[in-house]
Amino acid sequence: MKLKMLFKSIAIMSLFIFSGCGGSGSDGLNGAIELTTDVQGANVTATATYTNPTKTNLIGVPITFSFQQSINGVTTTVDMGTFNTNNSGSIAVNFTPYPFIGTQDIVVQASSGNVTNYSVVTVTGATFKLTPPVDTELSAAGATTAPGGAPATFALNAPTFATITDPFSGDVLNHPIIVTATLTSSSGATITPTSQTIYTDTAGVASLSGFIVTIPYPDTTGSNVAVISWQATDQFTGLTATGSTTLKATRSADYVPPAPVVP
């Protein structure tokens, strides 16, 4: 299922409950709750431990869990239910937030009677990043290379050009990525092609190759510069990433014609 469909789905919350039976419940005036959270991918584990200075039998204390996150721009509280502690006064729940893009701070709450505690855990959802071809400079021999010769030619490659991650669905294979390249130069540089569609592999990575840039060398000492602005758009999720590559064709010295041959 693609990410855009997941946003229409209800979050899947699997609860791993380590609980006992019986017990006399919580004492809101004297008790306290320690709450810790841990995240693995998109899965969050919240562990609440109830303590009470007047009680040793802590089995069966009801702990109510909820979490708060932003859903479509609205801060929403999701109730996960009430569960009883084990004989150590602990209970753990495991849940997955609603799918989202980027990073969010998820606020988890555990309460029993009048006792409440909170924990904030940072979860990274679907992300899309771009690693463009590296900046490159090519040099002419300068004093021994006459102006007007062959230009500098750059074959642009990037093995990890676009990367998508999706801890909610894990579906990252064969995403079509449309790549556009916009060249900025005042020295007559050219690029071909100007767009291309590439596809992600099982790791969500799409490589780039086949873009060729040519830049004429300057007639005198100096550099001709071209900047390629990249934009990549994942057609399944709509996510977009950008980056740039700077290329230089440099003449290291002014051309000095060879001395004429005297007969």
# chains A, B, ... in the order shown; residues from 1 in each chain; ligands from 1

call {"tool": "residues_around", "arguments": {"residues": "A:Thr75", "least_positions_apart": "6", "cutoff": "12 Å", "atoms": "only C-alpha atoms", "output": "PyMOL selection string"}}
result
chain A and resi 67-69+98+104-107

call {"tool": "write_last_selection", "arguments": {"atoms": "C-alpha atoms", "output": "mmCIF file, in the first residue's frame"}}
result
data_model
loop_
_atom_site.group_PDB
_atom_site.id
_atom_site.type_symbol
_atom_site.label_atom_id
_atom_site.label_comp_id
_atom_site.auth_asym_id
_atom_site.auth_seq_id
_atom_site.Cartn_x
_atom_site.Cartn_y
_atom_site.Cartn_z
ATOM 1 C CA PHE A 67 -0.753 9.452 22.732
ATOM 2 C CA GLN A 68 -0.929 12.821 21.017
ATOM 3 C CA GLN A 69 0.287 13.633 17.518
ATOM 4 C CA TYR A 98 -0.801 7.469 12.231
ATOM 5 C CA GLN A 104 7.161 14.407 14.785
ATOM 6 C CA ASP A 105 7.328 14.542 18.567
ATOM 7 C CA ILE A 106 4.755 12.070 19.905
ATOM 8 C CA VAL A 107 3.496 12.809 23.421
#

call {"tool": "closest_atom_pairs", "arguments": {"of": "stretch 128-176 of chain A", "to": "stretch 198-209 of chain A", "cutoff": "9 Å", "atoms": "only C-alpha atoms", "output": "tab-separated table"}}
result
residue	atom	partner	partner_atom	distance
A:Pro132	CA	A:Leu208	CA	8.5
A:Pro133	CA	A:Leu208	CA	8.3
A:Ala155	CA	A:Ser209	CA	7.7
A:Leu156	CA	A:Ser209	CA	6.0
A:Asn157	CA	A:Ser209	CA	4.5
A:Ala158	CA	A:Leu208	CA	4.9
A:Pro159	CA	A:Ser207	CA	4.4
A:Thr160	CA	A:Ser207	CA	5.1
A:Phe161	CA	A:Ser207	CA	5.1
A:Ala162	CA	A:Ala206	CA	5.1
A:Thr163	CA	A:Val205	CA	4.5
A:Ile164	CA	A:Gly204	CA	5.1
A:Thr165	CA	A:Gly204	CA	6.3
A:Asp166	CA	A:Gly204	CA	8.8
A:Asp171	CA	A:Gly204	CA	8.3
A:Val172	CA	A:Gly204	CA	4.7
A:Leu173	CA	A:Thr202	CA	4.8
A:Asn174	CA	A:Thr200	CA	4.8
A:His175	CA	A:Thr200	CA	5.3
A:Pro176	CA	A:Tyr199	CA	4.7

call {"tool": "write_last_selection", "arguments": {"atoms": "N, CA and C atoms", "output": "PDB file, in the first residue's frame"}}
result
ATOM      1  N   PRO A 132      23.122  14.743  -4.726  1.00  0.00           N
ATOM      2  CA  PRO A 132      23.460  15.030  -6.126  1.00  0.00           C
ATOM      3  C   PRO A 132      24.880  14.618  -6.468  1.00  0.00           C
ATOM      4  N   PRO A 133      25.225  14.588  -7.768  1.00  0.00           N
ATOM      5  CA  PRO A 133      26.618  14.355  -8.169  1.00  0.00           C
ATOM      6  C   PRO A 133      27.535  15.396  -7.526  1.00  0.00           C
ATOM      7  N   ALA A 155      30.603  13.697 -17.165  1.00  0.00           N
ATOM      8  CA  ALA A 155      29.578  12.658 -17.099  1.00  0.00           C
ATOM      9  C   ALA A 155      29.120  12.563 -15.641  1.00  0.00           C
ATOM     10  N   LEU A 156      27.885  12.936 -15.398  1.00  0.00           N
ATOM     11  CA  LEU A 156      27.401  13.052 -14.024  1.00  0.00           C
ATOM     12  C   LEU A 156      26.735  11.766 -13.561  1.00  0.00           C
ATOM     13  N   ASN A 157      27.216  11.259 -12.435  1.00  0.00           N
ATOM     14  CA  ASN A 157      26.677  10.033 -11.851  1.00  0.00           C
ATOM     15  C   ASN A 157      26.498  10.220 -10.348  1.00  0.00           C
ATOM     16  N   ALA A 158      25.515   9.530  -9.799  1.00  0.00           N
ATOM     17  CA  ALA A 158      25.287   9.546  -8.349  1.00  0.00           C
ATOM     18  C   ALA A 158      24.626   8.226  -7.964  1.00  0.00           C
ATOM     19  N   PRO A 159      25.367   7.314  -7.323  1.00  0.00           N
ATOM     20  CA  PRO A 159      24.811   5.981  -7.021  1.00  0.00           C
ATOM     21  C   PRO A 159      23.667   6.003  -6.020  1.00  0.00           C
ATOM     22  N   THR A 160      23.623   7.019  -5.155  1.00  0.00           N
ATOM     23  CA  THR A 160      22.524   7.118  -4.177  1.00  0.00           C
ATOM     24  C   THR A 160      21.833   8.468  -4.359  1.00  0.00           C
ATOM     25  N   PHE A 161      21.450   8.758  -5.597  1.00  0.00           N
ATOM     26  CA  PHE A 161      20.914  10.077  -5.920  1.00  0.00           C
ATOM     27  C   PHE A 161      19.647  10.387  -5.119  1.00  0.00           C
ATOM     28  N   ALA A 162      18.678   9.500  -5.144  1.00  0.00           N
ATOM     29  CA  ALA A 162      17.416   9.719  -4.428  1.00  0.00           C
ATOM     30  C   ALA A 162      17.146   8.534  -3.502  1.00  0.00           C
ATOM     31  N   THR A 163      16.729   8.839  -2.276  1.00  0.00           N
ATOM     32  CA  THR A 163      16.451   7.784  -1.292  1.00  0.00           C
ATOM     33  C   THR A 163      15.140   8.079  -0.593  1.00  0.00           C
ATOM     34  N   ILE A 164      14.235   7.099  -0.605  1.00  0.00           N
ATOM     35  CA  ILE A 164      12.983   7.237   0.121  1.00  0.00           C
ATOM     36  C   ILE A 164      12.923   6.183   1.216  1.00  0.00           C
ATOM     37  N   THR A 165      12.457   6.593   2.407  1.00  0.00           N
ATOM     38  CA  THR A 165      12.240   5.654   3.502  1.00  0.00           C
ATOM     39  C   THR A 165      10.790   5.789   3.951  1.00  0.00           C
ATOM     40  N   ASP A 166      10.199   4.679   4.321  1.00  0.00           N
ATOM     41  CA  ASP A 166       8.816   4.682   4.795  1.00  0.00           C
ATOM     42  C   ASP A 166       8.657   3.613   5.875  1.00  0.00           C
ATOM     43  N   ASP A 171       7.078   0.078   1.849  1.00  0.00           N
ATOM     44  CA  ASP A 171       6.966  -0.134   0.411  1.00  0.00           C
ATOM     45  C   ASP A 171       7.793   0.916  -0.318  1.00  0.00           C
ATOM     46  N   VAL A 172       9.032   0.580  -0.643  1.00  0.00           N
ATOM     47  CA  VAL A 172       9.933   1.554  -1.274  1.00  0.00           C
ATOM     48  C   VAL A 172      10.483   1.070  -2.609  1.00  0.00           C
ATOM     49  N   LEU A 173      10.043  -0.074  -3.088  1.00  0.00           N
ATOM     50  CA  LEU A 173      10.577  -0.646  -4.325  1.00  0.00           C
ATOM     51  C   LEU A 173       9.836  -0.105  -5.545  1.00  0.00           C
ATOM     52  N   ASN A 174      10.609   0.189  -6.601  1.00  0.00           N
ATOM     53  CA  ASN A 174      10.068   0.587  -7.903  1.00  0.00           C
ATOM     54  C   ASN A 174       9.222   1.861  -7.840  1.00  0.00           C
ATOM     55  N   HIS A 175       9.637   2.806  -6.987  1.00  0.00           N
ATOM     56  CA  HIS A 175       9.003   4.121  -7.032  1.00  0.00           C
ATOM     57  C   HIS A 175       9.578   4.880  -8.234  1.00  0.00           C
ATOM     58  N   PRO A 176       8.750   5.384  -9.145  1.00  0.00           N
ATOM     59  CA  PRO A 176       9.275   6.200 -10.244  1.00  0.00           C
ATOM     60  C   PRO A 176       9.635   7.602  -9.739  1.00  0.00           C
TER      61      PRO A 176
END

call {"tool": "atom_distance", "arguments": {"atom1": "atom CA of A:Ala92", "atom2": "atom CA of A:Thr45"}}
result
6.8 Å

call {"tool": "closest_residue", "arguments": {"among": "A:Thr144, A:Ser169, A:Thr214, A:Thr136", "to": "A:Pro257", "atoms": "only C-alpha atoms"}}
result
A:Thr144

call {"tool": "decode", "arguments": {"residues": "stretch 104-257 of chain A", "atoms": "C-alpha atoms", "output": "PDB file, in the first residue's frame"}}
result
ATOM      1  CA  GLN A 104       7.161  14.407  14.785  1.00  0.00           C
ATOM      2  CA  ASP A 105       7.328  14.542  18.567  1.00  0.00           C
ATOM      3  CA  ILE A 106       4.755  12.070  19.905  1.00  0.00           C
ATOM      4  CA  VAL A 107       3.496  12.809  23.421  1.00  0.00           C
ATOM      5  CA  VAL A 108       2.599   9.673  25.407  1.00  0.00           C
ATOM      6  CA  GLN A 109       0.469   9.876  28.561  1.00  0.00           C
ATOM      7  CA  ALA A 110      -0.039   7.271  31.289  1.00  0.00           C
ATOM      8  CA  SER A 111      -2.478   7.859  34.150  1.00  0.00           C
ATOM      9  CA  SER A 112      -4.015   6.043  37.077  1.00  0.00           C
ATOM     10  CA  GLY A 113      -6.535   7.766  39.296  1.00  0.00           C
ATOM     11  CA  ASN A 114      -5.193  11.261  39.936  1.00  0.00           C
ATOM     12  CA  VAL A 115      -1.644  10.332  38.939  1.00  0.00           C
ATOM     13  CA  THR A 116      -0.432  11.214  35.441  1.00  0.00           C
ATOM     14  CA  ASN A 117       2.927  11.271  33.701  1.00  0.00           C
ATOM     15  CA  TYR A 118       4.090  12.178  30.196  1.00  0.00           C
ATOM     16  CA  SER A 119       6.944  11.231  27.876  1.00  0.00           C
ATOM     17  CA  VAL A 120       7.902  12.751  24.520  1.00  0.00           C
ATOM     18  CA  VAL A 121       9.423  10.538  21.843  1.00  0.00           C
ATOM     19  CA  THR A 122      10.671  11.708  18.423  1.00  0.00           C
ATOM     20  CA  VAL A 123       9.522   9.516  15.531  1.00  0.00           C
ATOM     21  CA  THR A 124      10.704   9.816  11.929  1.00  0.00           C
ATOM     22  CA  GLY A 125       8.084   9.025   9.322  1.00  0.00           C
ATOM     23  CA  ALA A 126       8.405   8.903   5.556  1.00  0.00           C
ATOM     24  CA  THR A 127      11.385  10.867   4.214  1.00  0.00           C
ATOM     25  CA  PHE A 128      12.840  11.630   0.798  1.00  0.00           C
ATOM     26  CA  LYS A 129      16.348  12.964   0.268  1.00  0.00           C
ATOM     27  CA  LEU A 130      18.626  13.736  -2.652  1.00  0.00           C
ATOM     28  CA  THR A 131      22.406  13.260  -2.907  1.00  0.00           C
ATOM     29  CA  PRO A 132      23.460  15.030  -6.126  1.00  0.00           C
ATOM     30  CA  PRO A 133      26.618  14.355  -8.169  1.00  0.00           C
ATOM     31  CA  VAL A 134      29.684  15.853  -6.520  1.00  0.00           C
ATOM     32  CA  ASP A 135      31.127  19.232  -7.511  1.00  0.00           C
ATOM     33  CA  THR A 136      33.871  18.726 -10.102  1.00  0.00           C
ATOM     34  CA  GLU A 137      36.604  20.825 -11.767  1.00  0.00           C
ATOM     35  CA  LEU A 138      38.489  19.990 -14.967  1.00  0.00           C
ATOM     36  CA  SER A 139      41.584  21.882 -16.074  1.00  0.00           C
ATOM     37  CA  ALA A 140      43.147  22.685 -19.430  1.00  0.00           C
ATOM     38  CA  ALA A 141      46.915  22.703 -19.785  1.00  0.00           C
ATOM     39  CA  GLY A 142      46.817  26.474 -20.189  1.00  0.00           C
ATOM     40  CA  ALA A 143      50.052  27.664 -21.758  1.00  0.00           C
ATOM     41  CA  THR A 144      50.236  24.752 -24.197  1.00  0.00           C
ATOM     42  CA  THR A 145      46.531  24.360 -25.085  1.00  0.00           C
ATOM     43  CA  ALA A 146      45.127  26.789 -27.609  1.00  0.00           C
ATOM     44  CA  PRO A 147      41.710  28.403 -27.006  1.00  0.00           C
ATOM     45  CA  GLY A 148      38.792  27.096 -29.024  1.00  0.00           C
ATOM     46  CA  GLY A 149      39.674  23.438 -28.572  1.00  0.00           C
ATOM     47  CA  ALA A 150      37.547  20.648 -27.145  1.00  0.00           C
ATOM     48  CA  PRO A 151      35.394  21.698 -24.159  1.00  0.00           C
ATOM     49  CA  ALA A 152      35.447  20.102 -20.732  1.00  0.00           C
ATOM     50  CA  THR A 153      33.028  17.167 -20.653  1.00  0.00           C
ATOM     51  CA  PHE A 154      31.433  15.985 -17.396  1.00  0.00           C
ATOM     52  CA  ALA A 155      29.578  12.658 -17.099  1.00  0.00           C
ATOM     53  CA  LEU A 156      27.401  13.052 -14.024  1.00  0.00           C
ATOM     54  CA  ASN A 157      26.677  10.033 -11.851  1.00  0.00           C
ATOM     55  CA  ALA A 158      25.287   9.546  -8.349  1.00  0.00           C
ATOM     56  CA  PRO A 159      24.811   5.981  -7.021  1.00  0.00           C
ATOM     57  CA  THR A 160      22.524   7.118  -4.177  1.00  0.00           C
ATOM     58  CA  PHE A 161      20.914  10.077  -5.920  1.00  0.00           C
ATOM     59  CA  ALA A 162      17.416   9.719  -4.428  1.00  0.00           C
ATOM     60  CA  THR A 163      16.451   7.784  -1.292  1.00  0.00           C
ATOM     61  CA  ILE A 164      12.983   7.237   0.121  1.00  0.00           C
ATOM     62  CA  THR A 165      12.240   5.654   3.502  1.00  0.00           C
ATOM     63  CA  ASP A 166       8.816   4.682   4.795  1.00  0.00           C
ATOM     64  CA  PRO A 167       8.746   2.995   8.219  1.00  0.00           C
ATOM     65  CA  PHE A 168       4.953   2.700   8.090  1.00  0.00           C
ATOM     66  CA  SER A 169       4.423   0.677   4.900  1.00  0.00           C
ATOM     67  CA  GLY A 170       8.010  -0.298   4.069  1.00  0.00           C
ATOM     68  CA  ASP A 171       6.966  -0.134   0.411  1.00  0.00           C
ATOM     69  CA  VAL A 172       9.933   1.554  -1.274  1.00  0.00           C
ATOM     70  CA  LEU A 173      10.577  -0.646  -4.325  1.00  0.00           C
ATOM     71  CA  ASN A 174      10.068   0.587  -7.903  1.00  0.00           C
ATOM     72  CA  HIS A 175       9.003   4.121  -7.032  1.00  0.00           C
ATOM     73  CA  PRO A 176       9.275   6.200 -10.244  1.00  0.00           C
ATOM     74  CA  ILE A 177      11.359   9.296  -9.565  1.00  0.00           C
ATOM     75  CA  ILE A 178      11.156  12.115 -12.109  1.00  0.00           C
ATOM     76  CA  VAL A 179      14.449  14.037 -12.221  1.00  0.00           C
ATOM     77  CA  THR A 180      14.777  17.475 -13.802  1.00  0.00           C
ATOM     78  CA  ALA A 181      18.086  19.280 -14.335  1.00  0.00           C
ATOM     79  CA  THR A 182      18.230  23.050 -14.813  1.00  0.00           C
ATOM     80  CA  LEU A 183      21.587  24.443 -15.963  1.00  0.00           C
ATOM     81  CA  THR A 184      22.742  27.973 -15.149  1.00  0.00           C
ATOM     82  CA  SER A 185      25.832  29.241 -16.976  1.00  0.00           C
ATOM     83  CA  SER A 186      27.038  32.345 -18.794  1.00  0.00           C
ATOM     84  CA  SER A 187      29.729  30.551 -20.776  1.00  0.00           C
ATOM     85  CA  GLY A 188      27.808  28.502 -23.328  1.00  0.00           C
ATOM     86  CA  ALA A 189      27.615  25.293 -21.272  1.00  0.00           C
ATOM     87  CA  THR A 190      25.095  22.630 -22.278  1.00  0.00           C
ATOM     88  CA  ILE A 191      23.445  19.655 -20.547  1.00  0.00           C
ATOM     89  CA  THR A 192      21.702  16.620 -21.996  1.00  0.00           C
ATOM     90  CA  PRO A 193      19.188  15.318 -21.193  1.00  0.00           C
ATOM     91  CA  THR A 194      17.265  17.818 -19.052  1.00  0.00           C
ATOM     92  CA  SER A 195      14.958  15.238 -17.480  1.00  0.00           C
ATOM     93  CA  GLN A 196      14.894  11.530 -16.742  1.00  0.00           C
ATOM     94  CA  THR A 197      12.823   8.947 -14.848  1.00  0.00           C
ATOM     95  CA  ILE A 198      14.684   6.625 -12.493  1.00  0.00           C
ATOM     96  CA  TYR A 199      13.389   3.884 -10.176  1.00  0.00           C
ATOM     97  CA  THR A 200      14.118   2.876  -6.599  1.00  0.00           C
ATOM     98  CA  ASP A 201      15.536  -0.500  -5.630  1.00  0.00           C
ATOM     99  CA  THR A 202      14.547  -2.685  -2.664  1.00  0.00           C
ATOM    100  CA  ALA A 203      16.353  -0.286  -0.312  1.00  0.00           C
ATOM    101  CA  GLY A 204      14.437   2.716  -1.670  1.00  0.00           C
ATOM    102  CA  VAL A 205      17.517   4.040  -3.502  1.00  0.00           C
ATOM    103  CA  ALA A 206      17.570   5.314  -7.091  1.00  0.00           C
ATOM    104  CA  SER A 207      20.865   5.925  -8.900  1.00  0.00           C
ATOM    105  CA  LEU A 208      21.559   8.633 -11.468  1.00  0.00           C
ATOM    106  CA  SER A 209      23.612   8.397 -14.654  1.00  0.00           C
ATOM    107  CA  GLY A 210      23.521   9.530 -18.266  1.00  0.00           C
ATOM    108  CA  PHE A 211      23.587  13.308 -17.773  1.00  0.00           C
ATOM    109  CA  ILE A 212      26.377  14.956 -19.807  1.00  0.00           C
ATOM    110  CA  VAL A 213      27.514  18.563 -19.334  1.00  0.00           C
ATOM    111  CA  THR A 214      29.960  20.348 -21.607  1.00  0.00           C
ATOM    112  CA  ILE A 215      31.652  23.634 -20.670  1.00  0.00           C
ATOM    113  CA  PRO A 216      34.066  25.508 -22.962  1.00  0.00           C
ATOM    114  CA  TYR A 217      37.396  26.406 -21.423  1.00  0.00           C
ATOM    115  CA  PRO A 218      37.998  30.158 -21.095  1.00  0.00           C
ATOM    116  CA  ASP A 219      40.387  31.758 -23.589  1.00  0.00           C
ATOM    117  CA  THR A 220      42.523  33.176 -20.762  1.00  0.00           C
ATOM    118  CA  THR A 221      43.416  32.155 -17.213  1.00  0.00           C
ATOM    119  CA  GLY A 222      40.280  31.540 -15.139  1.00  0.00           C
ATOM    120  CA  SER A 223      37.226  29.319 -14.902  1.00  0.00           C
ATOM    121  CA  ASN A 224      33.907  28.913 -16.685  1.00  0.00           C
ATOM    122  CA  VAL A 225      31.280  27.726 -14.196  1.00  0.00           C
ATOM    123  CA  ALA A 226      27.997  25.861 -14.617  1.00  0.00           C
ATOM    124  CA  VAL A 227      25.525  25.087 -11.826  1.00  0.00           C
ATOM    125  CA  ILE A 228      23.013  22.256 -12.237  1.00  0.00           C
ATOM    126  CA  SER A 229      19.926  22.546 -10.039  1.00  0.00           C
ATOM    127  CA  TRP A 230      18.332  19.141  -9.464  1.00  0.00           C
ATOM    128  CA  GLN A 231      14.749  18.374  -8.533  1.00  0.00           C
ATOM    129  CA  ALA A 232      13.491  14.863  -7.873  1.00  0.00           C
ATOM    130  CA  THR A 233       9.820  13.981  -7.301  1.00  0.00           C
ATOM    131  CA  ASP A 234       8.564  10.604  -6.110  1.00  0.00           C
ATOM    132  CA  GLN A 235       5.486   9.838  -8.190  1.00  0.00           C
ATOM    133  CA  PHE A 236       3.952   7.511  -5.574  1.00  0.00           C
ATOM    134  CA  THR A 237       4.168   9.801  -2.546  1.00  0.00           C
ATOM    135  CA  GLY A 238       4.475  13.248  -4.098  1.00  0.00           C
ATOM    136  CA  LEU A 239       7.586  13.944  -2.030  1.00  0.00           C
ATOM    137  CA  THR A 240      10.129  16.298  -3.617  1.00  0.00           C
ATOM    138  CA  ALA A 241      13.825  16.872  -2.899  1.00  0.00           C
ATOM    139  CA  THR A 242      16.325  19.321  -4.402  1.00  0.00           C
ATOM    140  CA  GLY A 243      20.081  19.778  -4.641  1.00  0.00           C
ATOM    141  CA  SER A 244      22.780  21.257  -6.860  1.00  0.00           C
ATOM    142  CA  THR A 245      26.102  20.446  -8.515  1.00  0.00           C
ATOM    143  CA  THR A 246      28.779  23.016  -9.434  1.00  0.00           C
ATOM    144  CA  LEU A 247      31.112  22.298 -12.344  1.00  0.00           C
ATOM    145  CA  LYS A 248      34.183  24.272 -13.406  1.00  0.00           C
ATOM    146  CA  ALA A 249      36.270  24.294 -16.590  1.00  0.00           C
ATOM    147  CA  THR A 250      39.522  25.996 -15.602  1.00  0.00           C
ATOM    148  CA  ARG A 251      42.419  27.314 -17.690  1.00  0.00           C
ATOM    149  CA  SER A 252      45.473  27.450 -15.468  1.00  0.00           C
ATOM    150  CA  ALA A 253      47.510  29.900 -17.580  1.00  0.00           C
ATOM    151  CA  ASP A 254      47.188  32.118 -20.620  1.00  0.00           C
ATOM    152  CA  TYR A 255      47.952  30.473 -23.907  1.00  0.00           C
ATOM    153  CA  VAL A 256      51.429  31.135 -25.246  1.00  0.00           C
ATOM    154  CA  PRO A 257      51.768  30.345 -28.970  1.00  0.00           C
TER     155      PRO A 257
END
